[in-house]
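The structure appears right after this line, and notes come after that.
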Amino acid sequence: MALSSRFSSKILRSTCRLARRYLCSSISNNNVTFPERVFSGIQPTGIPHIGNYFGAIKNWVKLQDAHENVMYSIVDLHSITVPQDPAVLRENIMSMTACLLACGIDPDRGILFQQSQVPWHTELAWILGCNCSLGRLDHLPTWKEKSAGMKDAMLGLYTYPVLQAADILLYKGTKVPVGEDQTCHIELSRALAKLFNNRFGHYFPQPEVLLTEAPRIKSLRHPDKKMSKSEANIKSRIDLTDSPDEILQKVKKAVVDSQSEITYDEEGRPGLANLIGLECAITQKSPSQVCEENIGVMLGQYKVTLADLLIAELTPIKLEMERLLSDRHHISNIIEKGRDKAMEIAGPNIAEVKSLVGFK
Ligand code: TYM
C-alpha cells in the first residue's frame, strides 16, 4: 500500500514536471495558446531597497536566462500617483535604469523600457477600466494602505491597478515576477483579462505571478511591516547604494527580540526571521541550514556576518551604477532602443484590441 502510494506520487511528480515544462513555453486558456512572455515593472521613486532587489529584481535577472521573452519597465506613469518633482523624477528614471543595468538586466537579451514612452498603456487602461467595477478596486489592500490618512486621495492612485493590468496585457504578458504585495494586482489583471475575453473573444492570456523565495522582506525597524520606500525612517531599509558602513549600522540596529541564539520562527521572532531570510536570499541556503551553521553564535555576531554578506552582494552594484551614470548618453540610448522594441510588440496588439472593441 505504502509502496503503491509512493509509486503514484512519483508519477504525479513527474506529470507535474512535464506540465511545468510545457507551461514554461506557453500558456493556454480556452484552447488559445499564448507564447510565454515575462513582464514586470518598478516605479522610479528613488534608489531600490533590498526588498525590491530580493523580492523582484534579482529574480528578473535570473529569468533572463530561463526565458526568451522578458520585458521590464520603469513605470513612471505609476510614480505620479503621488506628487513628484519633475527634475527629481527625470533623475530617478535615469538612476533606476542605471540601477537595473547594474543589477544585471541585459537590454540585449530582453526589453528594458520607460512606460510613458509607449502611449498605449494609458489607452488600454481606459478600455479595461470601462469594464472594471468600482467594487473590484475598493477592496484592494494597496489602495486602503496608500490612501489611509490622505485628505484628498487622487483618482490615479485609485485606478492605478487597472493601469498595471494594461501594462501586462498590452504585451500579452503571461508571467509576472513581483513581490507578494503585488499579487492582488495580478489577480485583478487576470480578472480584467477574463472580463475582456468574455465580452470580445479570447484575446488576452491570464497572467500568473512568479514569487521569489524572499517575497516579503520586512522593515528593519518594524518587522511586522514590509520594507518600503515610504517608511520615513531610513534605518528601516537598506538601499542598493548604501555604503558598507551604512549597511553595517542598519543591520546592527535592526529590531530583534532579546534572545541571543539563532533560531528561525517567523511568528515568534519576526525580526530575526527577516534577517535569516536575507541570508537565505543571498546564499540560497534554507533557514534551518543557516540556524545549524550558527549554533552557539550570538545574535550580535550573526548581524555582523550578515552585514558582510550584504556588503559583498551590494557593493559591486553600487560601483557599476556609479560607472554607468557617468555616461548618461549611453543610458538614454538604451531607453530609446527599449521604447522601439516595446512599441513593435504593443502596436499590433493595441490595433487588434481597438478593432475588437469596435473602434475600427
Ligand atoms: P514597486 O515599484 O513598488 O516595487 C517593485 C517590485 O519590488 C517588490 N517589492 C518587494 N518585494 C519583497 N519585499 C518587499 N519589502 C518589497 N517591496 C517591494 C514589489 O512587489 C515589486 O515587484 N505596481 C508595481 C509596479 C508595476 C508592475 C506593473 C509590476 C507597474 N506595472 C506590471 C508588475 C507588472 C509597484 O508599484 O512596484
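Ordered as shown in the C-alpha cells, chains take letters A, B, and onward, while each chain numbers its residues from 1 and ligands are numbered from 1 in the order shown.
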
Just want the 12 Å neighbourhood of region 242-245 of chain A, counted on only C-alpha atoms, with same-chain residues fewer than 6 positions away dropped. Output as a short mmCIF file (atom, residue, chain, number, x, y, z; two decimals) with N, CA and C atoms, in the first residue's frame.
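Result file follows (result-v6.cif):
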```cif
data_model
loop_
_atom_site.label_atom_id
_atom_site.label_comp_id
_atom_site.auth_asym_id
_atom_site.auth_seq_id
_atom_site.Cartn_x
_atom_site.Cartn_y
_atom_site.Cartn_z
N ILE A 47 16.16 55.21 -5.14
CA ILE A 47 17.01 54.01 -5.21
C ILE A 47 16.24 52.80 -4.67
N PRO A 48 16.24 51.69 -5.40
CA PRO A 48 15.56 50.50 -4.86
C PRO A 48 16.21 50.03 -3.56
N HIS A 49 15.41 49.41 -2.70
CA HIS A 49 15.95 48.85 -1.45
C HIS A 49 16.08 47.33 -1.62
N ILE A 50 16.59 46.69 -0.58
CA ILE A 50 16.82 45.24 -0.72
C ILE A 50 15.51 44.45 -0.80
N ILE A 234 14.88 56.11 7.56
CA ILE A 234 15.73 55.44 6.55
C ILE A 234 16.47 54.22 7.12
N LYS A 235 16.48 54.12 8.45
CA LYS A 235 17.12 52.93 9.06
C LYS A 235 16.24 51.68 8.89
N VAL A 251 22.07 47.08 9.85
CA VAL A 251 21.84 45.69 10.28
C VAL A 251 22.03 45.58 11.79
N LYS A 252 23.06 46.26 12.31
CA LYS A 252 23.30 46.21 13.77
C LYS A 252 22.09 46.73 14.53
N VAL A 304 26.78 40.91 12.26
CA VAL A 304 27.98 41.37 11.56
C VAL A 304 28.25 40.48 10.34
N LEU A 306 26.02 38.80 8.65
CA LEU A 306 25.01 39.11 7.64
C LEU A 306 25.34 40.42 6.92
N ALA A 307 25.78 41.42 7.68
CA ALA A 307 26.13 42.70 7.07
C ALA A 307 27.25 42.48 6.04
N ASP A 308 28.24 41.63 6.38
CA ASP A 308 29.32 41.36 5.43
C ASP A 308 28.78 40.74 4.14
N LEU A 309 27.83 39.82 4.29
CA LEU A 309 27.24 39.19 3.09
C LEU A 309 26.52 40.23 2.24
N LEU A 310 25.78 41.11 2.90
CA LEU A 310 25.04 42.15 2.17
C LEU A 310 26.01 43.11 1.46
N ILE A 311 27.08 43.46 2.17
CA ILE A 311 28.07 44.39 1.58
C ILE A 311 28.68 43.74 0.33
N ALA A 312 29.01 42.45 0.44
CA ALA A 312 29.62 41.76 -0.72
C ALA A 312 28.63 41.70 -1.89
N GLU A 313 27.35 41.55 -1.59
CA GLU A 313 26.34 41.46 -2.66
C GLU A 313 26.07 42.84 -3.30
N LEU A 314 26.02 43.88 -2.46
CA LEU A 314 25.55 45.18 -2.96
C LEU A 314 26.66 46.09 -3.49
N THR A 315 27.88 45.96 -2.96
CA THR A 315 28.92 46.91 -3.37
C THR A 315 29.20 46.89 -4.88
N PRO A 316 29.29 45.71 -5.52
CA PRO A 316 29.52 45.73 -6.98
C PRO A 316 28.39 46.44 -7.73
N ILE A 317 27.17 46.36 -7.22
CA ILE A 317 26.03 47.03 -7.88
C ILE A 317 26.20 48.54 -7.77
N LYS A 318 26.55 48.97 -6.56
CA LYS A 318 26.74 50.41 -6.32
C LYS A 318 27.83 50.96 -7.25
N LEU A 319 28.95 50.23 -7.33
CA LEU A 319 30.07 50.72 -8.15
C LEU A 319 29.71 50.75 -9.64
#
```

Enumerate as an MDAnalysis selection string the residues within 8 Å of ligand 1, counting only C-alpha atoms and all ligand atoms. chainID A and resid 39:45 48:57 73 75 78:79 160:161 163:168 176:183 185:186 214:219 226:229

Glu91 (chain A) environment, 12 Å, only C-alpha atoms, sequence neighbours closer than 3 positions dropped, as a VMD selection string: chain A and resid 44 to 47 76 84 to 88 94 to 98 325 328 331 to 332

Generate the output file for the selected residues, N, CA, C and O atoms, as a short mmCIF file (atom, residue, chain, number, x, y, z; two decimals), in the first residue's frame.
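After the write, result_26.cif holds the following:
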```cif
data_model
loop_
_atom_site.label_atom_id
_atom_site.label_comp_id
_atom_site.auth_asym_id
_atom_site.auth_seq_id
_atom_site.Cartn_x
_atom_site.Cartn_y
_atom_site.Cartn_z
N PRO A 44 10.01 54.47 -10.67
CA PRO A 44 11.25 55.25 -10.47
C PRO A 44 11.06 56.28 -9.36
O PRO A 44 10.91 57.47 -9.62
N THR A 45 11.03 55.77 -8.13
CA THR A 45 10.79 56.67 -7.00
C THR A 45 11.97 56.64 -6.05
O THR A 45 11.80 56.59 -4.83
N GLY A 46 13.17 56.64 -6.62
CA GLY A 46 14.37 56.64 -5.77
C GLY A 46 15.10 55.32 -5.91
O GLY A 46 14.72 54.46 -6.70
N ILE A 47 16.16 55.21 -5.14
CA ILE A 47 17.01 54.01 -5.21
C ILE A 47 16.24 52.80 -4.67
O ILE A 47 15.65 52.88 -3.59
N ASP A 76 7.01 54.97 -14.92
CA ASP A 76 6.93 56.36 -14.47
C ASP A 76 5.50 56.87 -14.36
O ASP A 76 5.20 57.71 -13.51
N GLN A 84 5.28 64.25 -7.70
CA GLN A 84 6.71 64.10 -7.98
C GLN A 84 7.25 65.44 -8.47
O GLN A 84 6.61 66.10 -9.29
N ASP A 85 8.42 65.80 -8.03
CA ASP A 85 9.11 66.97 -8.56
C ASP A 85 9.66 66.57 -9.94
O ASP A 85 10.38 65.56 -10.05
N PRO A 86 9.32 67.32 -11.01
CA PRO A 86 9.73 66.90 -12.36
C PRO A 86 11.24 66.66 -12.50
O PRO A 86 11.66 65.68 -13.13
N ALA A 87 12.06 67.54 -11.90
CA ALA A 87 13.51 67.37 -12.05
C ALA A 87 13.96 66.09 -11.34
O ALA A 87 14.81 65.34 -11.85
N VAL A 88 13.37 65.84 -10.19
CA VAL A 88 13.75 64.64 -9.43
C VAL A 88 13.28 63.39 -10.18
O VAL A 88 14.01 62.39 -10.28
N MET A 94 16.58 58.02 -14.85
CA MET A 94 17.98 57.72 -15.22
C MET A 94 18.60 56.75 -14.23
O MET A 94 19.20 55.74 -14.60
N SER A 95 18.46 57.09 -12.93
CA SER A 95 19.17 56.27 -11.95
C SER A 95 18.53 54.89 -11.83
O SER A 95 19.24 53.91 -11.60
N MET A 96 17.21 54.80 -12.02
CA MET A 96 16.59 53.45 -11.97
C MET A 96 17.08 52.61 -13.15
O MET A 96 17.36 51.41 -12.99
N THR A 97 17.22 53.24 -14.32
CA THR A 97 17.72 52.49 -15.48
C THR A 97 19.14 52.00 -15.18
O THR A 97 19.45 50.81 -15.38
N ALA A 98 19.97 52.91 -14.67
CA ALA A 98 21.35 52.52 -14.35
C ALA A 98 21.37 51.41 -13.31
O ALA A 98 22.16 50.45 -13.41
N LEU A 325 26.30 55.78 -14.56
CA LEU A 325 25.73 57.13 -14.50
C LEU A 325 26.71 58.20 -14.99
O LEU A 325 26.32 59.35 -15.22
N ARG A 328 25.59 59.29 -19.36
CA ARG A 328 24.13 59.40 -19.46
C ARG A 328 23.62 59.18 -20.88
O ARG A 328 22.50 58.72 -21.10
N ILE A 331 22.87 55.62 -21.36
CA ILE A 331 21.61 55.23 -20.70
C ILE A 331 20.42 55.69 -21.54
O ILE A 331 19.47 54.93 -21.77
N SER A 332 20.48 56.94 -22.05
CA SER A 332 19.37 57.45 -22.87
C SER A 332 19.19 56.59 -24.12
O SER A 332 18.06 56.31 -24.53
#
```

Would you please give, as a PyMOL selection string, all residues of region 72-169 of chain A that DSSP assigns to strand (DSSP E or B) based on the backbone? chain A and resi 72-74+111-114

Compile the contact shell of Val353 (chain A) as an mmCIF file with N, CA and C atoms, in the first residue's frame: residues with an atom at most 9 Å away, counting only C-alpha atoms, same-chain residues fewer than 3 positions apart removed.
```
data_model
loop_
_atom_site.group_PDB
_atom_site.id
_atom_site.type_symbol
_atom_site.label_atom_id
_atom_site.label_comp_id
_atom_site.auth_asym_id
_atom_site.auth_seq_id
_atom_site.Cartn_x
_atom_site.Cartn_y
_atom_site.Cartn_z
ATOM 1 N N LEU A 124 -4.997 51.433 -23.278
ATOM 2 C CA LEU A 124 -5.553 50.129 -22.889
ATOM 3 C C LEU A 124 -6.139 50.204 -21.477
ATOM 4 N N ILE A 127 -9.627 51.346 -21.743
ATOM 5 C CA ILE A 127 -10.535 50.300 -22.256
ATOM 6 C C ILE A 127 -10.829 49.282 -21.159
ATOM 7 N N PHE A 200 -15.324 40.114 -25.679
ATOM 8 C CA PHE A 200 -14.847 40.394 -27.045
ATOM 9 C C PHE A 200 -14.155 39.201 -27.726
ATOM 10 N N TYR A 203 -8.772 36.972 -26.259
ATOM 11 C CA TYR A 203 -7.635 37.737 -26.765
ATOM 12 C C TYR A 203 -6.443 37.753 -25.806
ATOM 13 N N PRO A 348 0.826 46.381 -32.767
ATOM 14 C CA PRO A 348 -0.171 45.479 -33.357
ATOM 15 C C PRO A 348 -1.222 45.033 -32.331
ATOM 16 N N ASN A 349 -0.803 44.847 -31.070
ATOM 17 C CA ASN A 349 -1.766 44.387 -30.051
ATOM 18 C C ASN A 349 -2.852 45.422 -29.805
ATOM 19 N N ILE A 350 -2.463 46.688 -29.648
ATOM 20 C CA ILE A 350 -3.488 47.702 -29.362
ATOM 21 C C ILE A 350 -4.394 47.886 -30.591
ATOM 22 N N LEU A 356 -11.340 44.877 -31.932
ATOM 23 C CA LEU A 356 -12.294 44.021 -31.198
ATOM 24 C C LEU A 356 -13.362 44.860 -30.493
ATOM 25 N N VAL A 357 -12.931 46.004 -29.961
ATOM 26 C CA VAL A 357 -13.854 46.850 -29.211
ATOM 27 C C VAL A 357 -14.835 47.549 -30.161
ATOM 28 N N GLY A 358 -14.419 47.707 -31.430
ATOM 29 C CA GLY A 358 -15.311 48.323 -32.400
ATOM 30 C C GLY A 358 -14.922 49.736 -32.803
ATOM 31 N N PHE A 359 -13.670 50.123 -32.478
ATOM 32 C CA PHE A 359 -13.232 51.456 -32.869
ATOM 33 C C PHE A 359 -12.913 51.528 -34.364
#
```

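With only C-alpha atoms taken into account, the protein and nucleic acid residues at most 12 Å from Asp224 (chain A) (excluding it and anything under 3 positions from it in its own chain) are A:Arg216, A:Ile217, A:Lys218, A:Ser219, A:Leu220, A:Arg221, A:Met227, A:Ser236, A:Val255, A:Val256, A:Glu266, A:Glu267, A:Gly268, A:Arg269, A:Pro270, A:Gly271, A:Leu272, A:Ala273, A:Asn274.
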
Determine, counting only C-alpha atoms, which protein, DNA and RNA residues have an atom within 10 Å of an atom of Ile276 (chain A); residues of the same chain fewer than 2 positions away are not included. Present the result as a list in words.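 So the residues in contact are Ile262, Thr263, Tyr264, Asp265, Glu266, Pro270, Gly271, Leu272, Ala273, Asn274, Leu278, Glu279, Cys280, Ala281, Ile282, Lys285, Ser286, Pro287, Ser288, Val290, Cys291, Tyr302, Lys303 and Leu306 of chain A.
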